[in-house]
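See below for the structure under consideration.
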Amino acid sequence: MTPSIDFELRGDYIALASLLKFTGIADSGGQAKTMVANGRVRVDGHPELRKMCKIRAGQVVTLDEVTIRVLPSPAV
């Protein structure tokens with residue numbers, strides 16, 4: 001079974017490298033950028049090489065065996 005993380009988005013988008021850092025997949029922003037540059041990250045099933053790619057609610061990011069589902073912030 002693939003580990004899955006639900007990430008609640010606070011705003012319109014989050015940069016891909018920041019998402020990897022905030023979810024704990026990467027220990028630092030530099031490590032996150034390296035993961036993206038090395039082609040290890042997929043967004044909605046497609047390879048993504050842009051470190052600052054805007055990730056929005058409803059998108060799914062995968063890295064190796066980990067899946068991150070980006071969820072909209074709940075209405076207040």
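Every chain in the structure tokens takes a letter, A first, then B, and so on in the order presented; its residues are numbered from 1, and the ligands are numbered from 1 following the presented order.
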
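By only C-alpha atoms, and with residues fewer than 3 positions from Thr62 of chain A along its chain excluded, the set lying at most 12 Å from it is Thr2, Pro3, Ser4, Ile5, Asp6, Leu16, Leu19, Leu20, Ile25, Met35, Val36, Gly39, Arg40, Val41, Arg42, Val43, Asp44, Gly45, His46, Pro47, Glu48, Gln59, Glu65, Val66, Thr67, Ile68, Arg69 and Val70 of chain A.
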
Take atom CA of Ser73 of chain A and atom CA of Asp12 of chain A and report the distance between them in Å, one decimal. 9.5 Å

Report as a ChimeraX atom specification: the residues of chain A with a DSSP assignment of alpha helix (DSSP H), based on the backbone of this structure. /A:16-22,29-37

Pull N, CA, C and O atoms from the residues just selected and write them as a PDB file, in the first residue's frame.
ATOM      1  N   LEU A  16       5.722  23.723  -5.537  1.00  0.00           N
ATOM      2  CA  LEU A  16       5.995  22.288  -5.420  1.00  0.00           C
ATOM      3  C   LEU A  16       7.097  21.980  -4.405  1.00  0.00           C
ATOM      4  O   LEU A  16       6.916  21.122  -3.536  1.00  0.00           O
ATOM      5  N   ALA A  17       8.212  22.679  -4.479  1.00  0.00           N
ATOM      6  CA  ALA A  17       9.317  22.419  -3.541  1.00  0.00           C
ATOM      7  C   ALA A  17       8.875  22.698  -2.103  1.00  0.00           C
ATOM      8  O   ALA A  17       9.223  21.955  -1.182  1.00  0.00           O
ATOM      9  N   SER A  18       8.084  23.741  -1.904  1.00  0.00           N
ATOM     10  CA  SER A  18       7.586  24.056  -0.553  1.00  0.00           C
ATOM     11  C   SER A  18       6.658  22.963  -0.044  1.00  0.00           C
ATOM     12  O   SER A  18       6.705  22.599   1.131  1.00  0.00           O
ATOM     13  N   LEU A  19       5.828  22.418  -0.912  1.00  0.00           N
ATOM     14  CA  LEU A  19       4.924  21.333  -0.525  1.00  0.00           C
ATOM     15  C   LEU A  19       5.723  20.131  -0.031  1.00  0.00           C
ATOM     16  O   LEU A  19       5.389  19.540   1.010  1.00  0.00           O
ATOM     17  N   LEU A  20       6.781  19.779  -0.748  1.00  0.00           N
ATOM     18  CA  LEU A  20       7.606  18.637  -0.338  1.00  0.00           C
ATOM     19  C   LEU A  20       8.253  18.889   1.015  1.00  0.00           C
ATOM     20  O   LEU A  20       8.365  17.981   1.846  1.00  0.00           O
ATOM     21  N   LYS A  21       8.658  20.121   1.264  1.00  0.00           N
ATOM     22  CA  LYS A  21       9.271  20.470   2.546  1.00  0.00           C
ATOM     23  C   LYS A  21       8.234  20.455   3.675  1.00  0.00           C
ATOM     24  O   LYS A  21       8.446  19.862   4.726  1.00  0.00           O
ATOM     25  N   PHE A  22       7.086  21.101   3.453  1.00  0.00           N
ATOM     26  CA  PHE A  22       6.076  21.212   4.503  1.00  0.00           C
ATOM     27  C   PHE A  22       5.449  19.872   4.874  1.00  0.00           C
ATOM     28  O   PHE A  22       4.994  19.688   6.001  1.00  0.00           O
ATOM     29  N   GLY A  29      14.424  22.907   1.776  1.00  0.00           N
ATOM     30  CA  GLY A  29      14.013  23.385   0.466  1.00  0.00           C
ATOM     31  C   GLY A  29      14.991  22.962  -0.612  1.00  0.00           C
ATOM     32  O   GLY A  29      14.600  22.620  -1.728  1.00  0.00           O
ATOM     33  N   GLY A  30      16.273  22.966  -0.286  1.00  0.00           N
ATOM     34  CA  GLY A  30      17.290  22.543  -1.245  1.00  0.00           C
ATOM     35  C   GLY A  30      17.133  21.087  -1.641  1.00  0.00           C
ATOM     36  O   GLY A  30      17.264  20.727  -2.812  1.00  0.00           O
ATOM     37  N   GLN A  31      16.857  20.247  -0.653  1.00  0.00           N
ATOM     38  CA  GLN A  31      16.655  18.827  -0.940  1.00  0.00           C
ATOM     39  C   GLN A  31      15.402  18.647  -1.814  1.00  0.00           C
ATOM     40  O   GLN A  31      15.406  17.849  -2.748  1.00  0.00           O
ATOM     41  N   ALA A  32      14.347  19.404  -1.513  1.00  0.00           N
ATOM     42  CA  ALA A  32      13.115  19.318  -2.305  1.00  0.00           C
ATOM     43  C   ALA A  32      13.378  19.712  -3.754  1.00  0.00           C
ATOM     44  O   ALA A  32      12.928  19.036  -4.685  1.00  0.00           O
ATOM     45  N   LYS A  33      14.132  20.791  -3.956  1.00  0.00           N
ATOM     46  CA  LYS A  33      14.438  21.251  -5.309  1.00  0.00           C
ATOM     47  C   LYS A  33      15.264  20.218  -6.069  1.00  0.00           C
ATOM     48  O   LYS A  33      15.062  20.012  -7.267  1.00  0.00           O
ATOM     49  N   THR A  34      16.164  19.545  -5.371  1.00  0.00           N
ATOM     50  CA  THR A  34      16.969  18.499  -6.002  1.00  0.00           C
ATOM     51  C   THR A  34      16.092  17.325  -6.421  1.00  0.00           C
ATOM     52  O   THR A  34      16.263  16.773  -7.510  1.00  0.00           O
ATOM     53  N   MET A  35      15.143  16.939  -5.569  1.00  0.00           N
ATOM     54  CA  MET A  35      14.231  15.840  -5.901  1.00  0.00           C
ATOM     55  C   MET A  35      13.459  16.164  -7.176  1.00  0.00           C
ATOM     56  O   MET A  35      13.308  15.300  -8.057  1.00  0.00           O
ATOM     57  N   VAL A  36      12.980  17.399  -7.269  1.00  0.00           N
ATOM     58  CA  VAL A  36      12.224  17.809  -8.456  1.00  0.00           C
ATOM     59  C   VAL A  36      13.144  17.823  -9.681  1.00  0.00           C
ATOM     60  O   VAL A  36      12.808  17.272 -10.735  1.00  0.00           O
ATOM     61  N   ALA A  37      14.317  18.431  -9.553  1.00  0.00           N
ATOM     62  CA  ALA A  37      15.255  18.543 -10.673  1.00  0.00           C
ATOM     63  C   ALA A  37      15.700  17.171 -11.192  1.00  0.00           C
ATOM     64  O   ALA A  37      15.965  17.008 -12.388  1.00  0.00           O
TER      65      ALA A  37
END

From the options A:Ile55, A:Val61, A:Leu71, A:Leu49, which residue's atoms come nearest to Leu9 of chain A, counting only C-alpha atoms? A:Leu71

Using DSSP on the backbone, list every residue of chain A that comes out as strand (DSSP E or B), and give them as a count of residues only. 24

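Between atom CA of Ala26 of chain A and atom CA of Pro72 of chain A the interatomic distance comes to 22.1 Å.
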
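One finds atom CA of Leu63 of chain A at 11.8 Å from atom CA of Thr23 of chain A.
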
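The residue that comes closest to Ile14 of chain A, out of A:Pro74, A:Asp64, A:Gly58, A:Cys53 and on the basis of only C-alpha atoms, is A:Cys53.
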